[in-house]
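Structure file structure17.cif (mmCIF, C-alpha atoms) follows.
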data_target
#
loop_
_atom_site.label_atom_id
_atom_site.label_comp_id
_atom_site.auth_asym_id
_atom_site.auth_seq_id
_atom_site.Cartn_x
_atom_site.Cartn_y
_atom_site.Cartn_z
CA MET A 1 39.38 58.83 -72.79
CA PHE A 2 38.70 55.10 -72.52
CA PHE A 3 38.02 55.40 -68.80
CA ARG A 4 35.70 58.38 -69.36
CA LEU A 5 33.67 56.34 -71.86
CA ILE A 6 33.36 53.51 -69.35
CA LEU A 7 32.12 55.93 -66.71
CA ILE A 8 29.55 57.46 -69.04
CA PHE A 9 28.24 54.02 -69.95
CA LEU A 10 28.00 52.95 -66.30
CA VAL A 11 26.27 56.18 -65.30
CA LEU A 12 23.61 55.69 -67.97
CA CYS A 13 23.07 52.13 -66.73
CA ALA A 14 22.90 53.13 -63.09
CA LEU A 15 20.63 56.16 -63.06
CA GLN A 16 17.53 56.11 -60.84
CA PRO A 17 14.60 58.57 -60.51
CA ILE A 18 15.88 61.96 -59.43
CA ALA A 19 14.72 64.45 -56.80
CA PHE A 20 15.96 67.94 -57.64
CA ALA A 21 17.20 70.45 -55.09
CA SER A 22 15.60 73.87 -55.10
CA GLY A 23 17.53 76.43 -57.12
CA VAL A 24 19.80 73.82 -58.75
CA ALA A 25 19.84 73.07 -62.45
CA PRO A 26 17.95 69.76 -62.98
CA ASP A 27 20.55 68.34 -65.35
CA THR A 28 23.29 68.56 -62.74
CA VAL A 29 21.73 66.44 -59.97
CA ARG A 30 21.09 62.75 -60.36
CA ALA A 31 20.95 59.61 -58.31
CA ILE A 32 24.15 58.10 -56.98
CA PRO A 33 25.23 55.09 -59.12
CA THR A 34 24.26 51.70 -57.76
CA ALA A 35 26.68 49.67 -55.67
CA ASN A 36 27.10 47.22 -58.54
CA ALA A 37 28.00 50.04 -60.93
CA LEU A 38 30.47 51.45 -58.43
CA ASP A 39 32.02 48.06 -57.77
CA ALA A 40 32.58 47.69 -61.51
CA ALA A 41 33.85 51.21 -62.24
CA LEU A 42 36.21 51.89 -59.36
CA PRO A 43 38.73 49.09 -60.02
CA LYS A 44 38.84 50.24 -63.66
CA ALA A 45 39.57 53.77 -62.48
CA MET A 46 42.49 52.48 -60.42
CA ALA A 47 43.85 50.37 -63.26
CA ALA A 48 43.69 53.32 -65.67
CA VAL A 49 46.20 55.29 -63.57
CA GLY A 50 48.17 52.36 -62.13
CA ALA A 51 47.08 52.94 -58.53
CA LYS A 52 47.55 50.04 -56.12
CA GLY A 53 44.83 50.73 -53.56
CA LEU A 54 41.72 52.85 -53.10
CA ALA A 55 39.16 53.16 -50.30
CA VAL A 56 35.84 54.87 -51.03
CA ALA A 57 32.93 56.08 -48.91
CA ILE A 58 29.79 57.84 -50.13
CA ILE A 59 27.26 59.83 -48.13
CA ASP A 60 23.88 60.35 -49.80
CA GLY A 61 21.01 62.29 -48.30
CA GLY A 62 22.91 62.68 -45.05
CA LYS A 63 23.40 58.92 -44.62
CA LEU A 64 26.36 56.63 -45.19
CA ALA A 65 25.46 54.79 -48.40
CA TYR A 66 28.59 53.00 -49.57
CA VAL A 67 31.96 51.90 -48.13
CA ARG A 68 34.40 49.78 -50.13
CA SER A 69 38.12 49.19 -50.46
CA PHE A 70 39.91 47.91 -53.55
CA GLY A 71 43.38 46.71 -54.42
CA GLN A 72 46.37 46.02 -52.23
CA ARG A 73 47.87 47.63 -49.18
CA ASN A 74 51.49 46.52 -49.52
CA GLN A 75 54.08 44.69 -51.63
CA GLN A 76 52.93 41.39 -50.20
CA LEU A 77 49.69 41.94 -52.12
CA GLN A 78 47.61 41.85 -48.95
CA PRO A 79 44.18 43.36 -49.63
CA LEU A 80 43.28 46.90 -48.71
CA GLN A 81 40.25 46.57 -46.44
CA ALA A 82 37.67 48.92 -44.98
CA ASP A 83 39.46 48.76 -41.62
CA THR A 84 42.99 49.12 -43.01
CA VAL A 85 44.82 52.01 -41.33
CA MET A 86 45.86 54.62 -43.88
CA SER A 87 47.59 57.98 -43.76
CA ALA A 88 45.11 60.85 -43.66
CA ALA A 89 47.80 63.39 -44.59
CA SER A 90 46.18 66.84 -44.81
CA LEU A 91 42.70 65.45 -44.15
CA THR A 92 43.94 65.92 -40.57
CA LYS A 93 43.51 69.69 -40.92
CA PRO A 94 39.67 69.91 -40.96
CA VAL A 95 39.48 67.57 -37.96
CA PHE A 96 41.81 69.90 -36.09
CA ALA A 97 39.79 72.93 -37.23
CA TYR A 98 36.62 71.26 -35.91
CA VAL A 99 38.23 70.98 -32.46
CA VAL A 100 39.41 74.58 -32.60
CA MET A 101 35.85 75.72 -33.27
CA GLN A 102 34.65 73.82 -30.21
CA LEU A 103 37.28 75.65 -28.17
CA VAL A 104 36.04 78.94 -29.62
CA GLU A 105 32.49 78.12 -28.52
CA GLU A 106 33.77 77.35 -25.03
CA GLY A 107 35.47 80.74 -24.84
CA LYS A 108 38.97 79.25 -24.60
CA ILE A 109 40.24 80.96 -27.71
CA ASP A 110 39.11 83.86 -29.90
CA LEU A 111 39.32 83.41 -33.67
CA ASP A 112 40.29 87.04 -34.16
CA ALA A 113 42.70 87.58 -31.26
CA SER A 114 46.43 87.79 -31.89
CA ILE A 115 48.29 84.59 -31.12
CA ALA A 116 50.58 86.82 -29.04
CA SER A 117 47.78 87.20 -26.51
CA TYR A 118 47.94 83.49 -25.70
CA LEU A 119 51.69 82.90 -25.61
CA LYS A 120 53.63 83.48 -22.43
CA ALA A 121 56.64 84.76 -24.36
CA PRO A 122 57.26 86.18 -27.84
CA LEU A 123 56.96 83.48 -30.50
CA PRO A 124 60.58 83.84 -31.74
CA SER A 125 61.90 83.17 -28.23
CA TYR A 126 60.70 79.56 -28.19
CA PRO A 127 63.25 76.86 -29.05
CA THR A 128 62.72 74.61 -32.05
CA VAL A 129 60.82 71.46 -31.13
CA ARG A 130 59.42 68.98 -33.66
CA PRO A 131 56.97 68.98 -35.38
CA TYR A 132 57.13 72.78 -35.26
CA ALA A 133 59.07 75.17 -37.45
CA ALA A 134 61.94 77.30 -36.15
CA TRP A 135 59.94 80.20 -34.77
CA GLN A 136 63.20 81.97 -33.83
CA ASP A 137 63.73 82.66 -37.54
CA LEU A 138 60.98 85.29 -37.20
CA GLU A 139 63.11 87.36 -34.80
CA GLY A 140 62.86 90.98 -35.89
CA ASP A 141 59.68 90.48 -37.91
CA GLU A 142 56.90 91.78 -35.72
CA ARG A 143 54.24 90.78 -38.24
CA TRP A 144 53.82 87.46 -36.42
CA LYS A 145 51.79 89.41 -33.83
CA LYS A 146 49.14 90.13 -36.50
CA ILE A 147 48.44 86.42 -36.97
CA THR A 148 45.16 85.12 -35.50
CA PRO A 149 43.55 81.65 -35.32
CA ARG A 150 41.15 82.62 -38.13
CA ILE A 151 44.07 83.65 -40.32
CA LEU A 152 45.84 80.35 -39.63
CA LEU A 153 42.80 78.17 -40.30
CA SER A 154 42.17 79.99 -43.59
CA HIS A 155 45.83 79.78 -44.68
CA ARG A 156 46.59 83.50 -44.69
CA SER A 157 49.60 83.65 -42.36
CA GLY A 158 52.21 84.41 -45.02
CA LEU A 159 54.22 81.32 -44.07
CA ALA A 160 55.37 78.80 -46.66
CA ASN A 161 53.76 75.37 -46.67
CA PHE A 162 56.73 74.07 -44.70
CA GLN A 163 60.00 75.64 -43.65
CA SER A 164 61.88 72.78 -45.31
CA LEU A 165 60.66 74.08 -48.69
CA GLU A 166 62.22 77.53 -48.21
CA PRO A 167 65.31 78.06 -50.43
CA ASP A 168 67.43 79.06 -47.43
CA GLY A 169 65.79 76.56 -45.07
CA LYS A 170 64.57 79.34 -42.78
CA LEU A 171 61.06 80.41 -41.80
CA HIS A 172 59.75 83.63 -43.33
CA ILE A 173 56.54 85.66 -43.45
CA HIS A 174 56.11 86.40 -47.14
CA PHE A 175 53.22 88.88 -47.04
CA GLU A 176 51.15 90.86 -44.58
CA PRO A 177 49.21 88.27 -42.55
CA GLY A 178 45.54 88.10 -43.46
CA THR A 179 45.81 89.70 -46.89
CA ARG A 180 45.83 86.64 -49.19
CA TYR A 181 45.58 82.85 -49.32
CA ALA A 182 48.69 80.65 -49.41
CA TYR A 183 48.41 77.10 -48.10
CA SER A 184 50.59 76.49 -45.05
CA GLY A 185 51.08 73.34 -43.03
CA ASP A 186 53.45 75.25 -40.75
CA GLY A 187 50.62 77.73 -40.17
CA ILE A 188 48.28 74.98 -38.98
CA ASN A 189 51.02 73.57 -36.75
CA LEU A 190 51.54 77.08 -35.37
CA LEU A 191 47.96 77.09 -34.11
CA GLN A 192 48.58 73.71 -32.49
CA PHE A 193 51.65 75.23 -30.83
CA VAL A 194 49.55 78.12 -29.51
CA LEU A 195 46.98 75.75 -28.03
CA GLU A 196 49.66 73.62 -26.39
CA ARG A 197 52.05 76.29 -25.15
CA GLY A 198 49.55 79.10 -24.65
CA LEU A 199 46.50 77.23 -23.32
CA GLY A 200 48.31 74.21 -21.91
CA LEU A 201 46.20 71.77 -23.95
CA ASP A 202 47.28 68.36 -25.20
CA VAL A 203 46.04 68.57 -28.80
CA GLU A 204 46.38 64.83 -29.35
CA ALA A 205 44.20 64.15 -26.30
CA GLU A 206 41.69 66.82 -27.35
CA LEU A 207 41.21 65.24 -30.78
CA GLN A 208 40.85 61.82 -29.19
CA ARG A 209 38.18 63.02 -26.78
CA ARG A 210 36.31 65.46 -29.01
CA VAL A 211 36.40 63.62 -32.33
CA PHE A 212 37.70 60.05 -32.32
CA ASP A 213 35.73 58.97 -29.25
CA ARG A 214 32.65 60.95 -30.29
CA TYR A 215 32.38 59.30 -33.71
CA GLY A 216 33.58 55.83 -32.76
CA MET A 217 36.82 56.23 -34.74
CA HIS A 218 38.50 53.32 -32.97
CA ASN A 219 41.27 52.89 -35.54
CA THR A 220 42.13 56.58 -35.80
CA SER A 221 44.97 58.33 -34.00
CA MET A 222 47.27 61.32 -34.31
CA THR A 223 50.38 59.16 -33.91
CA TRP A 224 51.25 55.66 -35.06
CA GLN A 225 49.86 52.87 -32.87
CA GLN A 226 51.34 49.37 -32.56
CA ARG A 227 47.87 47.87 -32.92
CA ALA A 228 47.85 49.04 -36.55
CA ALA A 229 50.96 47.10 -37.52
CA ASP A 230 49.08 44.06 -38.82
CA ASN A 231 46.66 46.01 -41.02
CA GLN A 232 48.21 49.24 -42.24
CA ALA A 233 48.72 50.51 -45.76
CA ASP A 234 52.16 51.14 -47.18
CA GLY A 235 52.30 53.75 -49.92
CA TYR A 236 53.38 54.13 -53.53
CA THR A 237 55.02 57.14 -55.16
CA GLN A 238 54.37 58.71 -58.56
CA GLU A 239 57.02 56.36 -59.94
CA GLY A 240 55.39 53.33 -58.32
CA LYS A 241 58.08 53.01 -55.66
CA PRO A 242 56.75 51.44 -52.45
CA LEU A 243 57.27 53.30 -49.19
CA ALA A 244 56.59 51.88 -45.74
CA HIS A 245 53.81 53.41 -43.65
CA ILE A 246 55.28 56.29 -41.66
CA GLN A 247 55.30 55.62 -37.94
CA ARG A 248 54.75 59.14 -36.64
CA LYS A 249 55.77 59.69 -33.03
CA ARG A 250 54.53 63.27 -32.60
CA ALA A 251 51.09 64.67 -33.29
CA ALA A 252 51.03 67.32 -36.01
CA ALA A 253 47.75 69.08 -36.77
CA ALA A 254 48.89 69.64 -40.36
CA GLY A 255 48.91 65.96 -41.25
CA SER A 256 49.96 63.22 -38.82
CA MET A 257 46.62 61.42 -38.46
CA ASP A 258 46.18 57.74 -39.28
CA THR A 259 42.63 56.60 -40.03
CA THR A 260 40.44 54.17 -41.95
CA ILE A 261 37.86 54.85 -44.62
CA GLY A 262 35.04 53.87 -42.26
CA ASP A 263 36.35 56.01 -39.42
CA TYR A 264 36.89 59.10 -41.52
CA ALA A 265 33.51 58.76 -43.22
CA GLY A 266 31.95 58.80 -39.75
CA PHE A 267 33.59 62.15 -39.03
CA VAL A 268 32.58 63.63 -42.40
CA LEU A 269 28.99 62.51 -41.84
CA GLY A 270 28.91 64.14 -38.42
CA PHE A 271 30.48 67.30 -39.78
CA LEU A 272 28.00 67.43 -42.66
CA ARG A 273 25.16 67.27 -40.15
CA GLY A 274 26.76 69.98 -38.02
CA GLU A 275 27.09 67.70 -35.00
CA GLY A 276 29.26 68.94 -32.14
CA LEU A 277 29.20 72.55 -33.34
CA SER A 278 26.81 75.45 -33.12
CA ALA A 279 25.14 76.54 -36.34
CA GLY A 280 27.35 79.62 -36.32
CA SER A 281 30.58 77.69 -35.98
CA HIS A 282 29.60 75.25 -38.71
CA LYS A 283 28.73 78.20 -40.96
CA ASP A 284 32.10 79.81 -40.26
CA MET A 285 33.89 76.66 -41.35
CA THR A 286 31.87 76.11 -44.53
CA THR A 287 31.44 79.65 -45.89
CA PRO A 288 34.02 81.90 -47.58
CA GLN A 289 36.53 83.53 -45.28
CA TRP A 290 38.76 84.91 -48.01
CA PRO A 291 38.92 84.58 -51.82
CA ILE A 292 41.54 82.32 -53.38
CA THR A 293 43.41 84.24 -56.05
CA THR A 294 46.09 81.93 -57.48
CA LYS A 295 46.18 79.75 -60.59
CA SER A 296 46.66 76.57 -58.58
CA GLN A 297 47.06 75.35 -55.03
CA PHE A 298 50.76 74.59 -55.40
CA PRO A 299 53.32 76.08 -55.35
CA THR A 300 51.82 77.90 -52.43
CA LEU A 301 53.53 81.29 -52.75
CA GLN A 302 52.86 81.93 -56.44
CA SER A 303 51.71 85.32 -57.69
CA GLU A 304 48.04 86.28 -57.49
CA LEU A 305 46.08 86.30 -60.75
CA PRO A 306 44.25 89.35 -62.12
CA THR A 307 40.64 89.30 -61.00
CA SER A 308 39.38 88.32 -64.45
CA LEU A 309 41.51 85.14 -64.50
CA ARG A 310 40.73 83.84 -61.01
CA THR A 311 38.66 80.72 -60.36
CA ALA A 312 35.15 81.99 -59.64
CA ASP A 313 33.45 81.29 -56.30
CA LEU A 314 36.57 79.70 -54.81
CA ALA A 315 37.52 80.64 -51.28
CA ALA A 316 39.10 79.51 -48.06
CA GLY A 317 36.78 78.24 -45.36
CA LEU A 318 38.21 77.24 -41.99
CA GLY A 319 40.25 74.09 -42.46
CA ILE A 320 38.60 73.42 -45.84
CA VAL A 321 38.11 74.96 -49.29
CA VAL A 322 34.64 76.18 -50.29
CA PHE A 323 33.18 76.68 -53.74
CA ASN A 324 29.86 77.27 -55.48
CA GLY A 325 29.02 74.97 -58.38
CA PRO A 326 26.11 73.81 -60.55
CA GLN A 327 24.66 71.88 -57.59
CA GLY A 328 25.03 74.78 -55.17
CA PRO A 329 27.58 75.41 -52.41
CA GLY A 330 30.16 72.74 -51.75
CA HIS A 331 33.35 72.20 -49.82
CA TYR A 332 36.31 69.88 -50.01
CA LYS A 333 39.74 69.07 -48.61
CA GLY A 334 42.60 67.23 -50.24
CA GLY A 335 45.36 65.27 -48.58
CA HIS A 336 48.60 64.68 -50.44
CA ASP A 337 52.00 63.24 -49.70
CA ASN A 338 54.68 61.57 -51.79
CA ASN A 339 52.88 58.26 -51.41
CA VAL A 340 49.33 59.28 -50.43
CA GLY A 341 46.39 60.74 -52.33
CA ASN A 342 43.17 61.61 -50.47
CA ILE A 343 40.17 63.87 -50.94
CA TRP A 344 36.80 64.65 -49.37
CA VAL A 345 34.14 66.46 -51.46
CA CYS A 346 30.64 67.48 -50.29
CA VAL A 347 27.68 69.24 -51.90
CA ALA A 348 25.59 70.74 -49.16
CA GLN A 349 22.05 70.92 -50.56
CA GLN A 350 21.98 67.26 -51.51
CA GLU A 351 23.84 66.22 -48.32
CA ARG A 352 26.20 64.19 -50.48
CA CYS A 353 29.88 63.54 -49.99
CA VAL A 354 32.58 61.38 -51.51
CA ILE A 355 35.61 60.38 -49.45
CA LEU A 356 38.58 58.85 -51.27
CA LEU A 357 41.68 57.51 -49.51
CA SER A 358 44.50 55.99 -51.53
CA ASN A 359 47.87 54.60 -50.54
CA ASP A 360 49.10 55.49 -54.03
CA VAL A 361 49.57 59.13 -55.06
CA ARG A 362 48.86 58.17 -58.69
CA ALA A 363 45.21 57.71 -57.74
CA GLU A 364 44.79 61.49 -57.70
CA LYS A 365 44.75 61.46 -61.50
CA ALA A 366 41.50 59.50 -61.36
CA PHE A 367 39.82 61.54 -58.63
CA PRO A 368 38.05 64.06 -60.91
CA ASP A 369 36.48 61.27 -62.97
CA ILE A 370 35.55 59.22 -59.91
CA VAL A 371 33.91 62.15 -58.11
CA GLY A 372 32.16 63.16 -61.33
CA PHE A 373 30.86 59.63 -61.83
CA ILE A 374 29.40 59.61 -58.33
CA LEU A 375 28.19 63.20 -57.86
CA GLY A 376 27.87 64.49 -61.41
CA ASP A 377 29.16 67.98 -62.14
CA ALA A 378 29.53 69.56 -58.72
CA GLY A 379 31.91 72.30 -59.83
CA VAL A 380 34.94 71.05 -57.88
CA PRO A 381 37.93 73.27 -58.85
CA TRP A 382 40.08 70.41 -60.07
CA LYS A 383 42.49 72.53 -62.13
CA TRP A 384 43.21 74.70 -59.13
CA GLU A 385 43.64 71.69 -56.82
CA TYR A 386 45.88 69.56 -59.04
CA GLY A 387 47.00 71.99 -61.73
CA PRO A 388 46.14 72.03 -65.45
#
Could you render the structure from this file as structure tokens?
Amino acid sequence: MFFRLILIFLVLCALQPIAFASGVAPDTVRAIPTANALDAALPKAMAAVGAKGLAVAIIDGGKLAYVRSFGQRNQQLQPLQADTVMSAASLTKPVFAYVVMQLVEEGKIDLDASIASYLKAPLPSYPTVRPYAAWQDLEGDERWKKITPRILLSHRSGLANFQSLEPDGKLHIHFEPGTRYAYSGDGINLLQFVLERGLGLDVEAELQRRVFDRYGMHNTSMTWQQRAADNQADGYTQEGKPLAHIQRKRAAAAGSMDTTIGDYAGFVLGFLRGEGLSAGSHKDMTTPQWPITTKSQFPTLQSELPTSLRTADLAAGLGIVVFNGPQGPGHYKGGHDNNVGNIWVCVAQQERCVILLSNDVRAEKAFPDIVGFILGDAGVPWKWEYGP
């Protein structure tokens, strides 16, 4: 409550003349707070939840308007900086989806073709290789042939988030592919597997060429790089326990990317503008592919709610979640690990986005207030994302 009162006070002090978007309620759109107001509020937001570090970028009117980092990046109390390398976690997924859509435009893959049409052998016949799940566990379940790239990018494969979370430790398809939403990192990695084994692509090289090089993301990579060792962020768990930055050796489309706040903001800005994609591909990514019907994001395989109890206007896009709020259509993507809390939120009509990267999972508790302070009420489905 104390932090909310601080935010309200700072918002009232920071407001500027407002230009309203057509069709949007005038009391929901306002000017972004000033840099001074943000610089004052954000450290207080961190302190209120005990978070050690937070990096923030804001896009306003289709332009990068604010980039700051606060707090510390490790136990040695070294400062978190704008060029500190941080774990992107699941913010990797929309970058991967962006590359997949380029491949679709080039005719290299069809969003609605069975993955079986690209593999040289049945999926269950492939041996287990990290970072992939044990596809051989699907032996005898022919439903894997119904899975398509569109189904995988919209989290409708029927696979658990990760095989390691299954009670018996084995991979299963829990429902008819394509019939409902259930978040799956293994599903995203399955599409990476199809591109690599079926099309012969090096996904790490494709992301480097199509995204990191394109947007000048010089400190971003799909695997850990030695050059990051002197300026990387260690993480902090919910209990405040420090954990060293993970040095990932294999690219995983579900979440292996390392990045900086400046680098990732460059990608979000390009994506917001539709750069590198046709209008149709960008629309596919940012418009509803399938309704989301559960009470919350996690656990991923929970029962569907009755229609009357579902979160309105909430759906899967491709690689992201889309919603419709008081300021019009929006989209977002979260990134979570035991010691990482990230999110990217955009409202399309105002061309505004907030990107938050934290090396402390406790920061997620402050994200709704921070995004609300910056964007106002955008209608982000916070209860579904983080639970009640």
Got a sec: who's within 8 Å of stretch 205-215 of chain A, counting all atoms listed in the file, leaving out chain neighbours fewer than 3 positions off, as a PyMOL selection string? chain A and resi 95-96+99+201-202+218+220-221+263+266-267+270
Could you list, as a list in words, every residue matched by the PyMOL selection byres ((chain A and resi 47-49) around 8) in this structure? Phe3, Pro43, Lys44, Ala45, Met46, Gly50, Ala51, Arg362, Ala363, Lys365 and Ala366 of chain A
Could you write out the selected residues, including C-alpha atoms, as a PDB file, keeping the file's coordinate frame?
ATOM      1  CA  PHE A   3      38.020  55.400 -68.800  1.00  0.00           C
ATOM      2  CA  PRO A  43      38.730  49.090 -60.020  1.00  0.00           C
ATOM      3  CA  LYS A  44      38.840  50.240 -63.660  1.00  0.00           C
ATOM      4  CA  ALA A  45      39.570  53.770 -62.480  1.00  0.00           C
ATOM      5  CA  MET A  46      42.490  52.480 -60.420  1.00  0.00           C
ATOM      6  CA  GLY A  50      48.170  52.360 -62.130  1.00  0.00           C
ATOM      7  CA  ALA A  51      47.080  52.940 -58.530  1.00  0.00           C
ATOM      8  CA  ARG A 362      48.860  58.170 -58.690  1.00  0.00           C
ATOM      9  CA  ALA A 363      45.210  57.710 -57.740  1.00  0.00           C
ATOM     10  CA  LYS A 365      44.750  61.460 -61.500  1.00  0.00           C
ATOM     11  CA  ALA A 366      41.500  59.500 -61.360  1.00  0.00           C
TER      12      ALA A 366
END
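On the file presented, the PyMOL selection byres ((chain A and resi 101) around 10) picks out Phe96, Ala97, Tyr98, Val99, Val100, Gln102, Leu103, Val104, Glu105, Glu106, Gly107, Lys108, Ile109, Asp110, Leu111, Pro149, Arg150, Gly276, Leu277, Ser278, Gly280, Ser281, His282, Asp284, Met285 and Leu318 of chain A.
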Please produce a file of those selected residues containing C-alpha atoms, as a PDB file, keeping the file's coordinate frame.
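The file below, again16.pdb, is the result:
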ATOM      1  CA  PHE A  96      41.810  69.900 -36.090  1.00  0.00           C
ATOM      2  CA  ALA A  97      39.790  72.930 -37.230  1.00  0.00           C
ATOM      3  CA  TYR A  98      36.620  71.260 -35.910  1.00  0.00           C
ATOM      4  CA  VAL A  99      38.230  70.980 -32.460  1.00  0.00           C
ATOM      5  CA  VAL A 100      39.410  74.580 -32.600  1.00  0.00           C
ATOM      6  CA  GLN A 102      34.650  73.820 -30.210  1.00  0.00           C
ATOM      7  CA  LEU A 103      37.280  75.650 -28.170  1.00  0.00           C
ATOM      8  CA  VAL A 104      36.040  78.940 -29.620  1.00  0.00           C
ATOM      9  CA  GLU A 105      32.490  78.120 -28.520  1.00  0.00           C
ATOM     10  CA  GLU A 106      33.770  77.350 -25.030  1.00  0.00           C
ATOM     11  CA  GLY A 107      35.470  80.740 -24.840  1.00  0.00           C
ATOM     12  CA  LYS A 108      38.970  79.250 -24.600  1.00  0.00           C
ATOM     13  CA  ILE A 109      40.240  80.960 -27.710  1.00  0.00           C
ATOM     14  CA  ASP A 110      39.110  83.860 -29.900  1.00  0.00           C
ATOM     15  CA  LEU A 111      39.320  83.410 -33.670  1.00  0.00           C
ATOM     16  CA  PRO A 149      43.550  81.650 -35.320  1.00  0.00           C
ATOM     17  CA  ARG A 150      41.150  82.620 -38.130  1.00  0.00           C
ATOM     18  CA  GLY A 276      29.260  68.940 -32.140  1.00  0.00           C
ATOM     19  CA  LEU A 277      29.200  72.550 -33.340  1.00  0.00           C
ATOM     20  CA  SER A 278      26.810  75.450 -33.120  1.00  0.00           C
ATOM     21  CA  GLY A 280      27.350  79.620 -36.320  1.00  0.00           C
ATOM     22  CA  SER A 281      30.580  77.690 -35.980  1.00  0.00           C
ATOM     23  CA  HIS A 282      29.600  75.250 -38.710  1.00  0.00           C
ATOM     24  CA  ASP A 284      32.100  79.810 -40.260  1.00  0.00           C
ATOM     25  CA  MET A 285      33.890  76.660 -41.350  1.00  0.00           C
ATOM     26  CA  LEU A 318      38.210  77.240 -41.990  1.00  0.00           C
TER      27      LEU A 318
END
When you count all atoms listed in the file, which of these residues is closest to A:Ile32: A:Ala121, A:Val347, A:Leu190, A:Ile58? A:Ile58
The PyMOL selection byres ((chain A and resi 192) around 9) applied to the shown file, residues as a PyMOL selection string: chain A and resi 96+187-191+193-197+203+252-254
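The space separating atom CA of A:Ala160 from atom CA of A:Gly387 comes to 18.5 Å.
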Distance atom CA of A:Tyr332-atom CA of A:Phe162, one decimal place?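 These atoms are spaced 21.5 Å apart.
Among the candidate residues A:Ala55, A:Val380, A:Ala316, A:Leu91, the one lying nearest to A:Gly178 is A:Ala316, with distances computed using all atoms listed in the file.
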Please measure the separation of atom CA of A:Leu165 and atom CA of A:Gln302, giving the value in Å to one decimal.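 For atom CA of A:Leu165 relative to atom CA of A:Gln302, the distance reads 13.5 Å.
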